[in-house]
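Everything below belongs to structure-v4.txt, which stores compact mmCIF, N, CA and C atoms.
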# COMPACT_ATOMS: atom_id res chain seq x y z
N MET A 1 67.85 77.41 117.42
CA MET A 1 69.12 78.09 117.27
C MET A 1 69.17 79.22 118.29
N GLY A 2 70.13 79.17 119.20
CA GLY A 2 70.27 80.19 120.22
C GLY A 2 70.93 81.44 119.68
N SER A 3 70.75 82.54 120.40
CA SER A 3 71.32 83.81 119.93
C SER A 3 72.84 83.76 119.86
N GLU A 4 73.48 82.88 120.66
CA GLU A 4 74.94 82.80 120.63
C GLU A 4 75.45 82.30 119.29
N THR A 5 74.64 81.57 118.54
CA THR A 5 75.08 81.11 117.22
C THR A 5 74.78 82.14 116.14
N LEU A 6 73.94 83.11 116.44
CA LEU A 6 73.62 84.13 115.45
C LEU A 6 74.68 85.23 115.39
N VAL A 7 75.31 85.49 116.51
CA VAL A 7 76.32 86.54 116.56
C VAL A 7 77.67 85.89 116.83
N ARG A 8 78.54 86.01 115.85
CA ARG A 8 79.87 85.44 115.99
C ARG A 8 80.75 86.38 116.80
N LYS A 9 81.46 85.82 117.71
CA LYS A 9 82.37 86.60 118.55
C LYS A 9 83.63 86.92 117.74
N LEU A 10 83.99 88.19 117.71
CA LEU A 10 85.16 88.61 116.96
C LEU A 10 86.43 88.30 117.75
N PRO A 11 87.56 88.13 117.04
CA PRO A 11 88.81 87.71 117.69
C PRO A 11 89.28 88.62 118.81
N ASN A 12 89.03 89.93 118.68
CA ASN A 12 89.51 90.84 119.72
C ASN A 12 88.47 91.07 120.81
N ASP A 13 87.34 90.37 120.75
CA ASP A 13 86.30 90.46 121.79
C ASP A 13 86.61 89.40 122.84
N ILE A 14 87.34 89.80 123.86
CA ILE A 14 87.78 88.84 124.88
C ILE A 14 87.01 88.98 126.18
N GLY A 15 86.00 89.82 126.18
CA GLY A 15 85.19 90.00 127.38
C GLY A 15 84.56 88.69 127.82
N GLY A 16 84.71 88.35 129.11
CA GLY A 16 84.13 87.13 129.65
C GLY A 16 85.03 85.91 129.52
N ASP A 17 86.11 86.01 128.76
CA ASP A 17 87.04 84.88 128.62
C ASP A 17 87.85 84.72 129.90
N GLU A 18 88.33 83.51 130.14
CA GLU A 18 89.23 83.25 131.27
C GLU A 18 90.53 84.01 131.02
N ALA A 19 91.00 84.68 132.05
CA ALA A 19 92.26 85.41 131.91
C ALA A 19 92.81 85.72 133.29
N GLY A 20 94.08 85.98 133.33
CA GLY A 20 94.73 86.37 134.58
C GLY A 20 94.49 87.85 134.85
N LYS A 21 95.11 88.32 135.90
CA LYS A 21 95.00 89.72 136.28
C LYS A 21 95.67 90.60 135.23
N ILE A 22 95.06 91.71 134.92
CA ILE A 22 95.63 92.66 133.97
C ILE A 22 96.58 93.58 134.72
N GLU A 23 97.82 93.58 134.29
CA GLU A 23 98.82 94.46 134.89
C GLU A 23 98.84 95.75 134.06
N ARG A 24 98.34 96.81 134.64
CA ARG A 24 98.33 98.10 133.93
C ARG A 24 99.60 98.85 134.25
N VAL A 25 100.41 99.04 133.25
CA VAL A 25 101.69 99.71 133.43
C VAL A 25 101.78 100.82 132.38
N GLU A 26 101.93 102.04 132.87
CA GLU A 26 102.14 103.15 131.96
C GLU A 26 103.57 103.07 131.44
N HIS A 27 103.72 103.25 130.15
CA HIS A 27 105.07 103.25 129.60
C HIS A 27 105.14 104.23 128.43
N GLU A 28 106.31 104.71 128.23
CA GLU A 28 106.58 105.61 127.11
C GLU A 28 106.53 104.78 125.83
N LEU A 29 105.87 105.32 124.81
CA LEU A 29 105.84 104.61 123.53
C LEU A 29 107.24 104.58 122.93
N LEU A 30 107.58 103.45 122.33
CA LEU A 30 108.85 103.33 121.62
C LEU A 30 108.77 104.17 120.35
N PRO A 31 109.92 104.59 119.81
CA PRO A 31 109.89 105.42 118.60
C PRO A 31 109.09 104.80 117.46
N TRP A 32 109.22 103.48 117.23
CA TRP A 32 108.49 102.87 116.13
C TRP A 32 106.99 102.86 116.40
N GLU A 33 106.59 102.79 117.69
CA GLU A 33 105.17 102.84 118.03
C GLU A 33 104.60 104.24 117.77
N LYS A 34 105.39 105.26 118.07
CA LYS A 34 104.98 106.63 117.79
C LYS A 34 104.82 106.84 116.28
N ARG A 35 105.76 106.28 115.51
CA ARG A 35 105.67 106.40 114.05
C ARG A 35 104.45 105.67 113.52
N CYS A 36 104.14 104.52 114.10
CA CYS A 36 102.96 103.76 113.70
C CYS A 36 101.70 104.58 113.97
N HIS A 37 101.64 105.21 115.13
CA HIS A 37 100.48 106.03 115.46
C HIS A 37 100.37 107.21 114.50
N ALA A 38 101.51 107.83 114.19
CA ALA A 38 101.53 108.94 113.24
C ALA A 38 101.07 108.46 111.85
N LEU A 39 101.50 107.27 111.45
CA LEU A 39 101.08 106.71 110.17
C LEU A 39 99.57 106.54 110.14
N ALA A 40 98.99 106.06 111.22
CA ALA A 40 97.53 105.90 111.30
C ALA A 40 96.84 107.25 111.10
N ASP A 41 97.38 108.27 111.73
CA ASP A 41 96.79 109.61 111.59
C ASP A 41 96.90 110.12 110.15
N VAL A 42 98.05 109.90 109.53
CA VAL A 42 98.25 110.36 108.15
C VAL A 42 97.32 109.60 107.19
N LEU A 43 97.23 108.28 107.35
CA LEU A 43 96.36 107.48 106.49
C LEU A 43 94.90 107.92 106.63
N ASP A 44 94.49 108.23 107.86
CA ASP A 44 93.12 108.69 108.10
C ASP A 44 92.92 110.10 107.54
N PHE A 45 93.86 111.00 107.80
CA PHE A 45 93.76 112.39 107.32
C PHE A 45 93.60 112.44 105.80
N HIS A 46 94.35 111.59 105.11
CA HIS A 46 94.30 111.57 103.64
C HIS A 46 93.22 110.64 103.10
N LYS A 47 92.38 110.15 104.00
CA LYS A 47 91.24 109.29 103.64
C LYS A 47 91.67 108.04 102.86
N ILE A 48 92.81 107.48 103.29
CA ILE A 48 93.31 106.25 102.69
C ILE A 48 92.84 105.04 103.50
N VAL A 49 92.97 105.12 104.82
CA VAL A 49 92.50 104.07 105.73
C VAL A 49 91.86 104.77 106.92
N ASN A 50 90.57 104.51 107.15
CA ASN A 50 89.92 105.15 108.29
C ASN A 50 89.92 104.22 109.50
N THR A 51 89.46 104.75 110.61
CA THR A 51 89.48 104.01 111.87
C THR A 51 88.68 102.70 111.78
N GLU A 52 87.54 102.73 111.14
CA GLU A 52 86.72 101.53 111.01
C GLU A 52 87.43 100.46 110.17
N GLU A 53 88.09 100.87 109.09
CA GLU A 53 88.85 99.92 108.28
C GLU A 53 89.98 99.31 109.08
N LYS A 54 90.64 100.15 109.89
CA LYS A 54 91.73 99.64 110.73
C LYS A 54 91.19 98.61 111.71
N ARG A 55 90.06 98.91 112.35
CA ARG A 55 89.47 97.98 113.31
C ARG A 55 89.14 96.66 112.63
N ARG A 56 88.48 96.74 111.47
CA ARG A 56 88.14 95.51 110.74
C ARG A 56 89.40 94.79 110.28
N GLY A 57 90.42 95.55 109.90
CA GLY A 57 91.68 94.94 109.48
C GLY A 57 92.35 94.16 110.59
N VAL A 58 92.29 94.69 111.80
CA VAL A 58 92.85 93.97 112.96
C VAL A 58 92.02 92.73 113.23
N GLU A 59 90.69 92.86 113.22
CA GLU A 59 89.82 91.70 113.48
C GLU A 59 90.05 90.59 112.45
N ALA A 60 90.33 90.99 111.21
CA ALA A 60 90.53 90.01 110.13
C ALA A 60 91.79 89.18 110.34
N LEU A 61 92.68 89.64 111.22
CA LEU A 61 93.90 88.88 111.49
C LEU A 61 93.59 87.55 112.17
N GLY A 62 92.48 87.47 112.87
CA GLY A 62 92.11 86.25 113.57
C GLY A 62 92.70 86.18 114.96
N ALA A 63 92.07 85.37 115.80
CA ALA A 63 92.45 85.29 117.22
C ALA A 63 93.89 84.85 117.42
N GLU A 64 94.36 83.89 116.65
CA GLU A 64 95.72 83.39 116.85
C GLU A 64 96.76 84.48 116.57
N MET A 65 96.61 85.17 115.44
CA MET A 65 97.57 86.22 115.09
C MET A 65 97.47 87.39 116.06
N ILE A 66 96.25 87.76 116.43
CA ILE A 66 96.07 88.86 117.38
C ILE A 66 96.78 88.54 118.69
N GLY A 67 96.70 87.27 119.11
CA GLY A 67 97.35 86.86 120.36
C GLY A 67 98.86 86.90 120.30
N LYS A 68 99.42 86.81 119.11
CA LYS A 68 100.88 86.77 118.96
C LYS A 68 101.51 88.15 118.75
N LEU A 69 100.72 89.10 118.30
CA LEU A 69 101.25 90.41 117.96
C LEU A 69 100.97 91.43 119.05
N SER A 70 101.87 92.39 119.19
CA SER A 70 101.62 93.50 120.12
C SER A 70 100.58 94.43 119.49
N TYR A 71 100.12 95.37 120.29
CA TYR A 71 99.09 96.30 119.86
C TYR A 71 99.45 96.99 118.54
N TYR A 72 100.62 97.61 118.49
CA TYR A 72 101.00 98.34 117.28
C TYR A 72 101.43 97.41 116.15
N GLU A 73 101.93 96.24 116.47
CA GLU A 73 102.21 95.27 115.40
C GLU A 73 100.93 94.89 114.68
N ARG A 74 99.83 94.77 115.40
CA ARG A 74 98.52 94.48 114.76
C ARG A 74 98.16 95.60 113.81
N TRP A 75 98.37 96.84 114.22
CA TRP A 75 98.06 97.97 113.36
C TRP A 75 98.86 97.90 112.07
N ILE A 76 100.17 97.65 112.20
CA ILE A 76 101.04 97.63 111.02
C ILE A 76 100.61 96.55 110.03
N VAL A 77 100.33 95.35 110.54
CA VAL A 77 99.91 94.25 109.66
C VAL A 77 98.56 94.59 109.02
N ALA A 78 97.64 95.15 109.80
CA ALA A 78 96.34 95.53 109.25
C ALA A 78 96.51 96.59 108.16
N PHE A 79 97.33 97.62 108.41
CA PHE A 79 97.56 98.65 107.39
C PHE A 79 98.11 98.05 106.11
N ALA A 80 99.11 97.18 106.25
CA ALA A 80 99.71 96.56 105.07
C ALA A 80 98.65 95.79 104.29
N ASN A 81 97.86 94.97 104.97
CA ASN A 81 96.84 94.18 104.28
C ASN A 81 95.81 95.07 103.58
N ILE A 82 95.40 96.14 104.24
CA ILE A 82 94.42 97.06 103.64
C ILE A 82 95.02 97.73 102.41
N LEU A 83 96.27 98.18 102.51
CA LEU A 83 96.92 98.84 101.36
C LEU A 83 97.14 97.86 100.21
N PHE A 84 97.41 96.59 100.54
CA PHE A 84 97.51 95.57 99.49
C PHE A 84 96.16 95.42 98.79
N GLN A 85 95.09 95.30 99.58
CA GLN A 85 93.75 95.10 99.02
C GLN A 85 93.32 96.27 98.15
N LYS A 86 93.72 97.47 98.51
CA LYS A 86 93.35 98.66 97.75
C LYS A 86 94.27 98.90 96.56
N GLY A 87 95.32 98.09 96.42
CA GLY A 87 96.24 98.24 95.30
C GLY A 87 97.17 99.44 95.44
N ILE A 88 97.30 99.98 96.65
CA ILE A 88 98.16 101.14 96.89
C ILE A 88 99.60 100.70 97.12
N LEU A 89 99.77 99.51 97.65
CA LEU A 89 101.08 98.96 97.99
C LEU A 89 101.09 97.48 97.61
N THR A 90 102.22 97.00 97.14
CA THR A 90 102.34 95.57 96.84
C THR A 90 103.25 94.93 97.89
N PRO A 91 103.10 93.63 98.09
CA PRO A 91 104.01 92.94 99.01
C PRO A 91 105.47 93.11 98.62
N GLU A 92 105.74 93.14 97.32
CA GLU A 92 107.11 93.30 96.84
C GLU A 92 107.66 94.67 97.21
N GLU A 93 106.84 95.71 97.06
CA GLU A 93 107.28 97.06 97.43
C GLU A 93 107.57 97.15 98.93
N LEU A 94 106.71 96.54 99.71
CA LEU A 94 106.93 96.54 101.15
C LEU A 94 108.20 95.79 101.52
N ALA A 95 108.41 94.64 100.91
CA ALA A 95 109.62 93.84 101.20
C ALA A 95 110.88 94.62 100.81
N THR A 96 110.85 95.29 99.68
CA THR A 96 111.99 96.08 99.24
C THR A 96 112.29 97.19 100.23
N LYS A 97 111.25 97.88 100.67
CA LYS A 97 111.44 98.98 101.63
C LYS A 97 111.95 98.45 102.97
N MET A 98 111.44 97.31 103.40
CA MET A 98 111.88 96.73 104.67
C MET A 98 113.36 96.37 104.60
N LEU A 99 113.82 95.82 103.48
CA LEU A 99 115.24 95.51 103.32
C LEU A 99 116.09 96.78 103.34
N GLU A 100 115.59 97.82 102.69
CA GLU A 100 116.30 99.10 102.67
C GLU A 100 116.46 99.65 104.08
N VAL A 101 115.39 99.62 104.86
CA VAL A 101 115.44 100.12 106.24
C VAL A 101 116.35 99.24 107.09
N GLU A 102 116.25 97.93 106.90
CA GLU A 102 117.10 97.00 107.66
C GLU A 102 118.58 97.28 107.38
N ARG A 103 118.92 97.48 106.12
CA ARG A 103 120.32 97.78 105.77
C ARG A 103 120.76 99.11 106.38
N ARG A 104 119.88 100.09 106.33
CA ARG A 104 120.22 101.41 106.88
C ARG A 104 120.49 101.32 108.37
N PHE A 105 119.67 100.56 109.10
CA PHE A 105 119.85 100.44 110.55
C PHE A 105 120.95 99.46 110.93
N SER A 106 121.31 98.55 110.06
CA SER A 106 122.40 97.63 110.39
C SER A 106 123.75 98.34 110.37
N ASP A 107 123.80 99.50 109.72
CA ASP A 107 125.03 100.29 109.67
C ASP A 107 125.14 101.30 110.80
N VAL A 108 124.10 101.38 111.66
CA VAL A 108 124.05 102.36 112.74
C VAL A 108 124.24 101.63 114.07
N PRO A 109 125.10 102.14 114.95
CA PRO A 109 125.23 101.51 116.27
C PRO A 109 123.88 101.43 116.98
N SER A 110 123.62 100.35 117.73
CA SER A 110 122.32 100.09 118.32
C SER A 110 121.82 101.20 119.22
N ALA A 111 122.66 101.98 119.86
CA ALA A 111 122.23 103.05 120.75
C ALA A 111 121.48 104.14 119.98
N GLN A 112 121.71 104.25 118.67
CA GLN A 112 121.07 105.29 117.87
C GLN A 112 119.72 104.86 117.33
N HIS A 113 119.29 103.60 117.51
CA HIS A 113 118.03 103.12 116.97
C HIS A 113 116.82 103.69 117.69
N SER A 114 116.96 104.11 118.91
CA SER A 114 115.81 104.59 119.66
C SER A 114 115.52 106.02 119.36

As structure tokens, the full file:
Amino acid sequence: MGSETLVRKLPNDIGGDEAGKIERVEHELLPWEKRCHALADVLDFHKIVNTEEKRRGVEALGAEMIGKLSYYERWIVAFANILFQKGILTPEELATKMLEVERRFSDVPSAQHS
């Protein structure tokens, strides 16, 4: 048994994989990305979800899901799953809140969403 079978490669460990050139582009975070980052800080400050839990939560999404989601989308899904597991939030509560926010923003002209 070789060492490569002893250590499983995690989904976000892409070092050495075939890939194209990385285009590094600085960009301003979108408002929802800033809120996501602030949420991470609040969850950590209140000792609800720490950085290690977030990292494991993202890894638990698996390679396919990680490949489909943006950086902050991964964080949001990981936070939701962790809060579900801890019994702090239920899927129903999240769905209800998402509908409430969707309704609130559907009544606002699109220029005000940013």

Quiz item: Which residues in region 16-114 of chain A does DSSP call helix (DSSP H, G or I)? List them as an MDAnalysis selection string.
Solution: chainID A and resid 31:45 51:59 62:68 71:85 91:106 110:112

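Note that CA of Phe45 (chain A) and atom C of Ala63 (chain A) are 29.3 Å apart.
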
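Separating CA of Ile82 (chain A) from CA of Arg55 (chain A) is a distance of 10.9 Å.
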
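Atom N of Gly87 (chain A) is positioned 10.2 Å from atom C of Ile48 (chain A).
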
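Residue nearest Leu61 (chain A) within the list A:Val101, A:Val49, A:Leu29, A:Ala78: A:Ala78 [criterion: smallest interatomic distance, only C-alpha atoms].
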